[in-house]
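The next block is protein-v7.txt, given as compact mmCIF, C-alpha atoms.
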# COMPACT_ATOMS: atom_id res chain seq x y z
CA MET A 96 -45.11 -34.00 -36.01
CA GLN A 97 -42.73 -31.08 -35.59
CA PRO A 98 -41.92 -28.87 -38.61
CA PRO A 99 -38.43 -29.34 -40.11
CA LEU A 100 -35.71 -27.18 -38.59
CA ASP A 101 -34.38 -24.40 -40.75
CA ASN A 102 -31.21 -22.40 -40.20
CA SER A 103 -32.81 -19.41 -38.52
CA SER A 104 -34.81 -21.47 -36.04
CA VAL A 105 -31.82 -23.67 -35.15
CA ILE A 106 -29.61 -20.63 -34.54
CA ALA A 107 -32.30 -18.72 -32.64
CA LEU A 108 -33.18 -21.66 -30.40
CA LEU A 109 -29.56 -22.56 -29.65
CA LYS A 110 -28.54 -18.96 -28.99
CA GLY A 111 -31.53 -18.60 -26.69
CA GLY A 112 -30.20 -21.43 -24.53
CA ASP A 113 -32.74 -24.04 -25.73
CA GLN A 114 -30.78 -27.25 -25.51
CA GLY A 115 -33.87 -29.27 -26.42
CA VAL A 116 -33.19 -28.47 -30.07
CA LEU A 117 -29.76 -30.07 -29.76
CA ARG A 118 -31.41 -33.18 -28.35
CA ARG A 119 -33.83 -33.16 -31.31
CA ILE A 120 -30.99 -32.84 -33.82
CA TYR A 121 -29.21 -35.72 -32.08
CA LYS A 122 -32.29 -37.94 -32.47
CA GLU A 123 -33.27 -36.86 -35.97
CA THR A 124 -29.87 -36.90 -37.67
CA GLY A 125 -28.24 -39.75 -35.74
CA LYS A 126 -29.17 -42.54 -38.14
CA GLU A 127 -28.13 -40.61 -41.25
CA PHE A 128 -24.91 -39.39 -39.68
CA LEU A 129 -23.84 -42.85 -38.47
CA SER A 130 -24.72 -44.45 -41.83
CA TRP A 131 -22.60 -41.82 -43.55
CA ILE A 132 -19.67 -42.50 -41.20
CA TYR A 133 -19.86 -46.25 -41.90
CA THR A 134 -19.61 -45.56 -45.64
CA GLN A 135 -16.45 -43.52 -45.04
CA ALA A 136 -14.46 -45.69 -42.64
CA LYS A 137 -14.51 -49.05 -40.93
CA ILE A 138 -14.96 -48.09 -37.30
CA SER A 139 -16.91 -49.56 -34.42
CA ASN A 140 -20.40 -48.43 -33.37
CA GLN A 141 -18.99 -46.93 -30.21
CA GLU A 142 -16.32 -44.95 -32.07
CA ALA A 143 -18.91 -43.67 -34.58
CA GLU A 144 -21.23 -42.63 -31.74
CA GLU A 145 -18.39 -40.71 -30.04
CA ILE A 146 -17.55 -38.91 -33.27
CA PHE A 147 -21.21 -37.98 -33.70
CA GLN A 148 -21.49 -36.61 -30.17
CA ASP A 149 -18.22 -34.65 -30.46
CA SER A 150 -19.41 -33.24 -33.78
CA LEU A 151 -22.71 -32.11 -32.27
CA LEU A 152 -20.93 -30.36 -29.40
CA VAL A 153 -18.62 -28.50 -31.78
CA PHE A 154 -21.68 -27.69 -33.93
CA TYR A 155 -23.40 -26.20 -30.89
CA GLU A 156 -20.35 -24.13 -29.94
CA LYS A 157 -20.01 -22.81 -33.47
CA MET A 158 -23.68 -21.92 -33.76
CA ILE A 159 -23.74 -19.89 -30.54
CA ALA A 160 -20.40 -18.13 -31.13
CA PRO A 161 -20.96 -14.33 -31.27
CA ALA A 162 -19.31 -13.71 -34.64
CA PHE A 163 -20.45 -16.86 -36.43
CA SER A 164 -22.51 -16.78 -39.61
CA LEU A 165 -23.80 -19.90 -41.33
CA SER A 166 -23.29 -20.04 -45.10
CA SER A 167 -24.82 -23.47 -45.77
CA HIS A 168 -27.69 -25.56 -44.40
CA TRP A 169 -27.11 -26.44 -40.75
CA LYS A 170 -27.11 -30.18 -41.53
CA THR A 171 -24.42 -29.75 -44.20
CA PHE A 172 -22.40 -27.84 -41.66
CA LEU A 173 -22.86 -30.59 -39.04
CA PHE A 174 -21.66 -33.22 -41.52
CA ALA A 175 -18.64 -31.08 -42.39
CA ILE A 176 -17.73 -31.00 -38.71
CA GLY A 177 -18.26 -34.75 -38.64
CA LYS A 178 -15.89 -35.20 -41.53
CA ASN A 179 -13.19 -33.21 -39.74
CA LYS A 180 -13.78 -35.18 -36.55
CA LEU A 181 -13.59 -38.48 -38.43
CA ARG A 182 -10.39 -37.43 -40.20
CA GLU A 183 -8.89 -36.37 -36.87
CA PHE A 184 -9.93 -39.71 -35.31
CA LEU A 185 -8.43 -41.75 -38.16
CA ARG A 186 -5.20 -39.78 -38.05
CA ARG A 187 -4.94 -40.18 -34.28
CA ASN A 188 -5.44 -43.93 -34.62
CA GLN A 189 -3.04 -44.13 -37.56
CA ARG A 190 -5.61 -45.39 -40.01
CA ALA A 191 -5.77 -44.53 -43.68
CA VAL A 192 -7.78 -41.39 -44.45
CA SER A 193 -9.66 -41.64 -47.71
CA PHE A 194 -12.99 -39.90 -48.15
CA GLU A 195 -15.43 -40.14 -50.98
CA GLU A 196 -16.41 -36.75 -52.36
CA SER A 197 -19.92 -35.73 -51.43
CA THR A 198 -22.04 -32.69 -50.82
CA HIS A 199 -20.85 -32.78 -47.22
CA ASP A 200 -17.35 -31.85 -48.36
CA ARG A 201 -18.37 -28.39 -49.47
CA VAL A 202 -18.11 -26.89 -46.02
CA THR A 203 -14.63 -27.12 -44.55
CA GLU A 204 -14.48 -24.19 -42.15
CA ALA A 205 -15.60 -26.19 -39.15
CA GLU A 206 -12.70 -26.58 -36.76
CA ASP A 207 -12.54 -27.61 -33.16
CA ASP A 208 -9.86 -25.37 -31.73
CA ILE A 209 -9.78 -26.35 -28.03
CA GLU A 210 -6.34 -27.55 -27.02
CA VAL A 211 -6.54 -29.53 -23.82
CA ASP A 212 -3.48 -29.75 -21.57
CA GLU A 213 -2.71 -30.22 -17.86
CA SER A 214 -3.77 -26.68 -17.04
CA THR A 215 -7.20 -27.40 -18.57
CA THR A 216 -7.70 -30.38 -16.27
CA LEU A 217 -6.67 -28.23 -13.32
CA VAL A 218 -9.14 -25.48 -14.25
CA ILE A 219 -11.94 -28.08 -14.46
CA LYS A 220 -11.09 -29.26 -10.93
CA CYS A 221 -11.10 -25.68 -9.66
CA ILE A 222 -14.51 -25.04 -11.29
CA GLU A 223 -15.94 -28.05 -9.46
CA GLU A 224 -14.50 -26.68 -6.24
CA LEU A 225 -16.17 -23.31 -6.79
CA GLY A 226 -19.61 -24.90 -6.46
CA ALA A 227 -22.96 -24.45 -8.17
CA PRO A 228 -23.76 -20.69 -8.31
CA CYS A 229 -20.32 -19.70 -9.61
CA LYS A 230 -20.02 -22.71 -11.88
CA ASP A 231 -23.45 -22.13 -13.47
CA LEU A 232 -22.75 -18.45 -14.01
CA ILE A 233 -19.34 -18.82 -15.62
CA LEU A 234 -20.48 -21.73 -17.81
CA ALA A 235 -23.54 -19.74 -18.91
CA TYR A 236 -21.43 -16.74 -19.84
CA TYR A 237 -18.22 -18.28 -21.20
CA TYR A 238 -19.41 -21.62 -22.62
CA HIS A 239 -23.03 -21.04 -23.60
CA THR A 240 -22.15 -17.42 -24.52
CA LEU A 241 -25.26 -16.02 -22.90
CA SER A 242 -25.28 -12.27 -22.43
CA LEU A 243 -25.29 -10.94 -18.85
CA GLU A 244 -28.98 -10.10 -19.25
CA GLU A 245 -29.80 -13.62 -20.42
CA ALA A 246 -27.65 -15.15 -17.69
CA SER A 247 -29.25 -13.00 -14.98
CA LEU A 248 -32.73 -14.03 -16.14
CA LYS A 249 -31.85 -17.68 -16.44
CA LEU A 250 -29.99 -17.94 -13.13
CA GLY A 251 -32.18 -15.59 -11.08
CA TYR A 252 -29.87 -12.60 -10.51
CA LYS A 253 -31.47 -9.23 -9.81
CA ASN A 254 -30.15 -7.68 -13.01
CA ALA A 255 -27.29 -7.83 -15.51
CA ASN A 256 -25.07 -5.66 -13.30
CA SER A 257 -25.54 -7.96 -10.36
CA ALA A 258 -24.61 -10.94 -12.56
CA LYS A 259 -21.58 -9.03 -13.82
CA ASN A 260 -20.32 -8.34 -10.27
CA GLN A 261 -20.87 -11.92 -9.26
CA LYS A 262 -19.10 -13.16 -12.38
CA PHE A 263 -16.08 -10.97 -11.63
CA LYS A 264 -15.87 -12.35 -8.08
CA CYS A 265 -16.25 -15.93 -9.31
CA MET A 266 -13.52 -15.48 -11.90
CA GLN A 267 -11.17 -13.91 -9.36
CA ARG A 268 -11.77 -16.87 -7.04
CA LEU A 269 -11.22 -19.32 -9.90
CA LYS A 270 -7.98 -17.58 -10.84
CA GLU A 271 -6.77 -17.72 -7.23
CA LEU A 272 -7.54 -21.43 -6.94
CA PHE A 273 -5.83 -22.09 -10.26
CA LEU A 274 -2.68 -20.06 -9.54
CA GLN A 275 -2.29 -21.67 -6.09
CA ARG A 276 -1.82 -25.03 -7.80
CA TYR A 277 -0.58 -24.30 -11.27
CA ARG A 278 3.06 -25.17 -11.82
CA PRO A 279 4.02 -24.35 -15.41
CA GLU A 280 6.54 -26.65 -17.06
CA PRO A 281 10.00 -25.06 -17.08
CA MET B 70 -6.36 -6.50 -11.38
CA THR B 71 -9.11 -3.90 -11.72
CA GLU B 72 -12.56 -4.84 -12.99
CA ASP B 73 -11.95 -2.74 -16.11
CA THR B 74 -8.73 -4.59 -16.99
CA PHE B 75 -10.48 -7.86 -16.33
CA SER B 76 -13.35 -6.90 -18.67
CA LEU B 77 -10.89 -5.94 -21.36
CA ILE B 78 -8.95 -9.23 -21.13
CA GLU B 79 -12.16 -11.22 -20.94
CA ALA B 80 -13.60 -9.57 -24.05
CA TYR B 81 -10.39 -10.33 -25.94
CA VAL B 82 -10.10 -13.96 -24.82
CA SER B 83 -13.77 -14.82 -25.34
CA GLY B 84 -13.89 -13.25 -28.82
CA ARG B 85 -16.29 -10.43 -27.90
CA MET B 86 -14.15 -7.60 -29.37
CA THR B 87 -14.51 -5.89 -32.71
CA PRO B 88 -11.52 -6.28 -35.05
CA ALA B 89 -10.47 -2.69 -34.26
CA GLU B 90 -10.67 -3.28 -30.50
CA ARG B 91 -8.69 -6.50 -30.92
CA ASP B 92 -5.92 -4.80 -32.86
CA ALA B 93 -5.65 -2.05 -30.24
CA PHE B 94 -5.54 -4.59 -27.43
CA GLU B 95 -2.85 -6.66 -29.16
CA GLN B 96 -0.68 -3.57 -29.47
CA GLN B 97 -1.13 -2.99 -25.75
CA LEU B 98 -0.21 -6.64 -25.08
CA ALA B 99 3.03 -6.27 -27.01
CA SER B 100 4.19 -3.47 -24.71
CA GLU B 101 2.83 -4.65 -21.32
CA PRO B 102 4.30 -7.92 -20.01
CA GLU B 103 2.02 -8.00 -16.95
CA LEU B 104 -1.07 -7.62 -19.12
CA ARG B 105 0.30 -10.38 -21.37
CA GLU B 106 0.74 -12.65 -18.38
CA GLN B 107 -2.78 -11.93 -17.09
CA THR B 108 -4.17 -12.61 -20.56
CA GLU B 109 -2.38 -15.98 -20.74
CA VAL B 110 -3.91 -17.00 -17.40
CA MET B 111 -7.34 -15.86 -18.60
CA LYS B 112 -6.93 -17.93 -21.78
CA LYS B 113 -6.24 -21.03 -19.69
CA LEU B 114 -9.27 -20.35 -17.50
CA VAL B 115 -11.59 -19.85 -20.47
CA THR B 116 -10.26 -22.99 -22.18
CA GLY B 117 -10.93 -24.98 -18.99
CA ILE B 118 -14.42 -23.47 -18.71
CA ARG B 119 -15.18 -24.42 -22.33
CA VAL B 120 -14.08 -28.01 -21.77
CA ALA B 121 -16.07 -28.20 -18.50
CA GLY B 122 -19.11 -26.77 -20.30
CA ARG B 123 -18.73 -29.24 -23.13
CA GLU B 124 -18.60 -32.20 -20.75
CA GLN B 125 -21.61 -30.92 -18.78
CA LEU B 126 -23.59 -30.53 -22.02
CA ARG B 127 -22.53 -34.00 -23.16
CA ARG B 128 -23.97 -35.46 -19.95
CA GLN B 129 -27.19 -33.45 -20.29
CA ILE B 130 -27.90 -34.10 -23.97
CA PHE B 131 -26.68 -37.56 -24.77
CA PRO B 132 -28.01 -40.70 -23.13
CA PRO B 133 -25.37 -42.72 -21.30
CA GLN B 134 -24.01 -45.27 -23.72
CA THR B 135 -24.84 -48.85 -22.96
CA ILE B 136 -21.61 -50.38 -24.05
CA PRO B 137 -21.56 -54.17 -23.91
CA PHE B 138 -19.31 -55.56 -21.23
CA MET B 139 -16.89 -57.14 -23.68
CA ILE B 140 -16.48 -53.88 -25.62
CA ARG B 141 -15.74 -51.94 -22.46
CA LEU B 142 -12.76 -54.19 -22.00
CA ASN B 143 -9.99 -53.63 -24.43
CA LYS B 144 -9.55 -56.12 -27.26
CA LYS B 145 -6.73 -57.98 -25.56
CA TRP B 146 -8.89 -58.74 -22.52
CA ALA B 147 -11.91 -59.45 -24.67
CA LEU B 148 -9.97 -62.38 -26.12
CA THR B 149 -8.07 -63.30 -22.99
CA ILE B 150 -11.05 -63.64 -20.64
CA PRO B 151 -12.90 -66.33 -22.67
CA PHE B 152 -9.57 -68.11 -23.07
CA ILE B 153 -9.01 -68.03 -19.30
CA PHE B 154 -12.54 -69.40 -18.71
CA PHE B 155 -12.01 -72.13 -21.29
CA ALA B 156 -8.59 -73.08 -19.95
CA THR B 157 -9.88 -73.08 -16.37
CA ALA B 158 -12.78 -75.35 -17.36
CA ILE B 159 -10.37 -77.80 -19.01
CA ILE B 160 -7.99 -77.72 -16.06
CA LEU B 161 -10.86 -78.27 -13.59
CA TYR B 162 -12.26 -81.13 -15.67
CA ASN B 163 -8.87 -82.79 -15.84
CA LEU B 164 -8.27 -82.19 -12.17
CA ILE B 165 -11.62 -83.58 -11.02
CA PHE B 166 -12.21 -86.52 -13.35
CA PRO B 167 -8.73 -88.02 -13.41
CA LEU B 168 -8.76 -87.83 -9.63
CA GLU B 169 -12.05 -89.68 -9.66
CA ASN B 170 -10.63 -92.30 -12.06
CA SER B 171 -7.48 -92.57 -10.02
CA ARG B 172 -9.56 -93.09 -6.93
CA LEU B 173 -11.48 -95.95 -8.57
CA PHE B 174 -8.33 -97.43 -10.03
CA ASP B 175 -6.48 -97.10 -6.71
CA THR B 176 -9.41 -98.57 -4.81
CA TYR B 177 -9.69 -101.67 -6.93
CA TYR B 178 -6.17 -102.21 -8.14
CA ALA B 179 -3.94 -104.63 -6.24
CA ARG B 180 -0.87 -106.40 -7.43
CA ILE B 181 -1.53 -110.05 -8.11
CA ASP B 182 -0.08 -112.56 -5.64
CA SER B 183 0.14 -115.67 -7.73
CA ILE B 184 -0.25 -116.99 -11.20
CA ASN B 185 -0.57 -120.64 -12.05
CA LEU B 186 2.22 -121.05 -14.57
CA THR B 187 2.36 -124.19 -16.72
CA THR B 188 4.45 -125.62 -19.53
CA PRO B 189 1.85 -126.69 -22.09
CA ARG B 190 4.39 -127.70 -24.69
CA GLY B 191 7.07 -128.87 -22.23
CA GLU B 192 9.18 -125.73 -22.76
CA ALA B 193 10.97 -125.77 -19.41
CA ALA B 194 13.23 -122.86 -20.29
CA ASP B 195 10.28 -120.55 -20.98
CA LEU B 196 8.60 -121.71 -17.76
CA ASN B 197 11.70 -120.80 -15.80
CA LEU B 198 11.85 -117.38 -17.43
CA LYS B 199 8.18 -116.70 -16.67
CA GLN B 200 8.64 -117.79 -13.06
CA GLU B 201 11.73 -115.63 -12.69
CA ALA B 202 9.94 -112.67 -14.32
CA PHE B 203 7.01 -113.07 -11.92
CA ILE B 204 9.38 -113.11 -8.95
CA GLN B 205 10.97 -109.89 -10.21
CA TYR B 206 7.47 -108.41 -10.60
CA LYS B 207 6.55 -109.37 -7.04
CA THR B 208 9.76 -107.89 -5.66
CA GLY B 209 9.19 -104.67 -7.59
CA ASN B 210 11.99 -105.09 -10.14
CA TYR B 211 9.79 -104.28 -13.11
CA ASP B 212 12.53 -103.46 -15.59
CA SER B 213 14.24 -106.77 -14.81
CA ALA B 214 10.93 -108.56 -15.24
CA LYS B 215 10.52 -106.95 -18.67
CA ALA B 216 14.04 -107.90 -19.68
CA ILE B 217 13.53 -111.51 -18.62
CA LEU B 218 10.22 -111.76 -20.48
CA SER B 219 11.88 -110.59 -23.67
CA GLY B 220 13.92 -113.86 -23.55
CA VAL B 221 10.84 -116.10 -23.72
CA GLU B 222 11.06 -118.02 -26.97
CA SER B 223 7.36 -118.88 -27.33
CA PRO B 224 5.32 -116.04 -25.78
CA ASP B 225 1.92 -117.21 -24.59
CA ASP B 226 -1.03 -115.90 -22.54
CA GLU B 227 0.98 -116.40 -19.31
CA SER B 228 3.95 -114.33 -20.46
CA ALA B 229 1.53 -111.74 -21.89
CA LEU B 230 -0.29 -111.53 -18.55
CA ILE B 231 2.94 -111.01 -16.61
CA SER B 232 4.08 -108.46 -19.19
CA GLY B 233 0.74 -106.65 -18.89
CA LEU B 234 0.98 -106.55 -15.10
CA VAL B 235 4.56 -105.25 -15.28
CA SER B 236 3.44 -102.56 -17.77
CA ILE B 237 0.76 -101.44 -15.34
CA GLU B 238 3.39 -100.92 -12.67
CA LEU B 239 5.49 -98.98 -15.18
CA LYS B 240 2.35 -96.92 -16.04
CA ASP B 241 2.66 -97.96 -19.66
CA TRP B 242 -1.12 -98.06 -20.11
CA GLU B 243 -1.21 -98.74 -23.84
CA GLY B 244 1.49 -101.41 -23.56
CA ALA B 245 -0.44 -103.03 -20.71
CA LYS B 246 -3.68 -103.02 -22.74
CA SER B 247 -1.96 -104.65 -25.67
CA GLU B 248 -0.36 -107.41 -23.55
CA LEU B 249 -3.53 -108.09 -21.58
CA ARG B 250 -5.56 -108.44 -24.78
CA LYS B 251 -3.04 -111.05 -25.94
CA ALA B 252 -3.47 -112.84 -22.61
CA LEU B 253 -7.26 -112.59 -22.96
CA ASN B 254 -7.16 -114.22 -26.38
CA GLY B 255 -5.05 -117.16 -25.14
CA SER B 256 -6.24 -119.97 -22.89
CA ARG B 257 -9.32 -119.47 -20.69
CA LYS B 258 -7.19 -120.09 -17.57
CA ASN B 259 -5.97 -116.51 -17.21
CA ALA B 260 -8.78 -114.81 -19.18
CA ALA B 261 -10.65 -113.46 -16.12
CA THR B 262 -7.45 -112.09 -14.58
CA ALA B 263 -6.42 -110.45 -17.85
CA ASN B 264 -9.92 -109.05 -18.33
CA TRP B 265 -10.05 -107.60 -14.80
CA TYR B 266 -6.74 -105.78 -15.14
CA LEU B 267 -7.65 -104.66 -18.63
CA ALA B 268 -10.90 -103.17 -17.26
CA LEU B 269 -8.99 -101.34 -14.54
CA ILE B 270 -6.63 -99.77 -17.09
CA GLN B 271 -9.61 -98.80 -19.24
CA VAL B 272 -11.09 -97.01 -16.23
CA ARG B 273 -7.75 -95.34 -15.53
CA THR B 274 -7.49 -94.12 -19.14
CA LYS B 275 -11.15 -92.94 -19.17
CA ASP B 276 -12.16 -95.52 -21.78
CA TYR B 277 -15.42 -96.09 -19.92
CA ALA B 278 -17.38 -97.86 -22.66
CA ALA B 279 -14.64 -100.46 -23.08
CA ALA B 280 -14.26 -100.76 -19.29
CA LYS B 281 -17.99 -101.44 -18.88
CA ALA B 282 -17.91 -104.09 -21.63
CA SER B 283 -14.94 -105.82 -19.97
CA LEU B 284 -16.60 -105.69 -16.55
CA LYS B 285 -19.89 -106.99 -17.97
CA GLU B 286 -18.11 -110.05 -19.29
CA LEU B 287 -16.69 -110.65 -15.82
CA THR B 288 -20.07 -110.31 -14.11
CA ASP B 289 -21.78 -112.66 -16.52
CA GLN B 290 -19.95 -115.79 -15.44
CA PRO B 291 -18.45 -117.10 -12.21
CA ASN B 292 -14.82 -116.11 -11.63
CA ALA B 293 -12.61 -114.70 -8.92
CA TYR B 294 -13.35 -111.10 -9.99
CA GLN B 295 -17.10 -111.36 -10.49
CA GLU B 296 -18.11 -109.52 -7.29
CA SER B 297 -15.44 -106.82 -7.63
CA ALA B 298 -16.43 -106.32 -11.26
CA ARG B 299 -20.10 -105.89 -10.25
CA ARG B 300 -19.22 -103.24 -7.66
CA LEU B 301 -16.90 -101.36 -9.99
CA LEU B 302 -19.53 -101.47 -12.73
CA GLN B 303 -22.07 -99.91 -10.35
CA GLU B 304 -19.64 -97.15 -9.41
CA LEU B 305 -18.99 -96.41 -13.05
CA LYS B 306 -22.73 -95.96 -13.67
Structure encoded using structure tokens:
Amino acid sequence: MQPPLDNSSVIALLKGGDQGVLRRIYKETGKEFLSWIYTQAKISNQEAEEIFQDSLLVFYEKMIAPAFSLSSHWKTFLFAIGKNKLREFLRRNQRAVSFEESTHDRVTEAEDDIEVDESTTLVIKCIEELGAPCKDLILAYYYHTLSLEEASLKLGYKNANSAKNQKFKCMQRLKELFLQRYRPEP
Amino acid sequence: MTEDTFSLIEAYVSGRMTPAERDAFEQQLASEPELREQTEVMKKLVTGIRVAGREQLRRQIFPPQTIPFMIRLNKKWALTIPFIFFATAIILYNLIFPLENSRLFDTYYARIDSINLTTPRGEAADLNLKQEAFIQYKTGNYDSAKAILSGVESPDDESALISGLVSIELKDWEGAKSELRKALNGSRKNAATANWYLALIQVRTKDYAAAKASLKELTDQPNAYQESARRLLQELK
């Protein structure tokens, strides 16, 4: 049996690019998280599962962000994200929002700040067009927030400088592809 | 754009600047429209990369959801599809079985050629009316036949039989059943005829148990319909 995850190990593993820990959190907290959601709102299993997955992804992004510091237990933080996600879901579906107070309410700083619009969809298409080496490098650096050293080790570049040059070229190519097609709304 | 400018914009957009660096860069942004424009494009690229990364991670970490077929459909279709199946089953049943009944009815049904009409109590007027009604029946004037029969002062099994036969032609199945039962309960003379036509209507209206009982009576004793009744009974089985 694996030892329980504490804050420092969760942060260290996630920042080091170990996605296995995210899979472990998904398995170990799933039941508790879904039970908690069902006590808060009447939603379907599928909707609850989607909220859980979205919460875990935001949790991951927050944990690996360069300037982030965790002031509560990681599980409390995950549930706080879940609460925000559930509230957002209920508001979007025009359902009443009424939460019972619990220890999970103590953390409220978790926010998911990605605003998706047409340009986002276009960028995603352009990334797919770039192909594997460029896609892997820019996702490693910009999404998984790996340093150039970490990215060069993980993706097999000679050194950090080589990864940096390649990243610059990939981003220039991505920008070109994007600007060729992007038509901003007047 | 030079690599240095790119690095600067990138550090700002991806949150890798110190607060002091950020403040300095924002001052620069305020005075340089081209830099502002480049930064806006970079923001869009980084947002797209984050969403692409999130979706890739979702696929890698979470098992594909096995959503039941009915849930994958929206709620409207989840209700509509069983309804369509149910309605189709009913329509098919009613299309197939009535056709089958109609086929049996059409196969065995024939208008009667003659009835032996009598005047048991010497009521000549009623006899004339029954004869006239039967002529109207034979010539296809069913409404006239009905009207004439309504003038019979002492209705009997003969007038009931004619009325039943006319009702069959008018597709008044319940009326025909009622009249033929009256004819069946009268004298024995027309009982077999009334019973045969009653059985046919019972087949036509899917009252199979009653039809079989009527046909059984006909097969049990010699009469003009005995053989036809036996064949129809076999087909019903």
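Between CA of Glu124 in chain B and CA of Met86 in chain B lies a distance of 26.4 Å.
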Would you pick out the contacts of range 184-189 of chain A at 9 Å or less, using all atoms listed in the file, so that residues sharing its chain but fewer than 6 positions from it are not included, and give the list as a JSON list (two decimals) with C-alpha atoms, in the coordinates of the input?
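What ended up in around39.json:
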[["chain", "number", "residue", "atom", "x", "y", "z"],
["A", 136, "ALA", "CA", -14.46, -45.69, -42.64],
["A", 142, "GLU", "CA", -16.32, -44.95, -32.07],
["A", 146, "ILE", "CA", -17.55, -38.91, -33.27]]
Q | At most 8 Å to chain A: residues in chain B, all atoms listed in the file, as a ChimeraX atom specification | A | /B:72,75,83-85,110-111,113-123,126-127,130-131,136
**Q.** For CA of Gly244 in chain B and CA of Ala179 in chain B, the interatomic separation in Å (one decimal)
**A.** 18.4 Å
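Rounded to one decimal, CA of Leu161 in chain B and CA of Leu269 in chain B lie 23.2 Å from each other.
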**Q.** Spatial neighbours of range 205-209 of chain B, 10 Å, only C-alpha atoms, chain gap at least 5 places, as a PyMOL selection string
**A.** chain B and resi 180-183+199-200+214-215+217+231-232+234-235+238
Q.
Can you pull out the residues contacting Met158 in chain A? Cut-off 12 Å, using only C-alpha atoms, and skip same-chain residues under 6 positions away; I want them as a ChimeraX atom specification.
A. /A:102-112,117,151-152,164-166,168-170,172-173,176,205,238-240
Q.
I'd like the neighbourhood of Leu249 in chain B as a VMD selection string, where a residue qualifies if any of its atoms comes within 12 Å (using all atoms listed in the file), though same-chain residues fewer than 5 positions away should be ignored.
A. chain B and resid 225 to 237 242 to 244 254 to 255 259 to 271 283
Q. Which one of B:Ile150, B:Ala298, B:Ala252, B:Ala99 sits closest to Val272 in chain B if you count all atoms listed in the file?
A. B:Ala298
Quick one: range 144-158 of chain A with C-alpha atoms, as a compact mmCIF listing (two decimals), in the first residue's frame?
# COMPACT_ATOMS: atom_id res chain seq x y z
CA GLU A 144 -17.83 12.98 -13.29
CA GLU A 145 -17.21 15.88 -15.69
CA ILE A 146 -17.05 18.35 -12.80
CA PHE A 147 -14.57 16.08 -11.01
CA GLN A 148 -12.33 15.78 -14.07
CA ASP A 149 -12.44 19.54 -14.76
CA SER A 150 -11.61 20.20 -11.11
CA LEU A 151 -8.61 17.86 -11.23
CA LEU A 152 -7.27 19.55 -14.36
CA VAL A 153 -7.56 23.01 -12.78
CA PHE A 154 -5.97 21.56 -9.62
CA TYR A 155 -3.03 20.31 -11.69
CA GLU A 156 -2.60 23.65 -13.45
CA LYS A 157 -2.67 25.53 -10.16
CA MET A 158 -0.18 23.19 -8.50
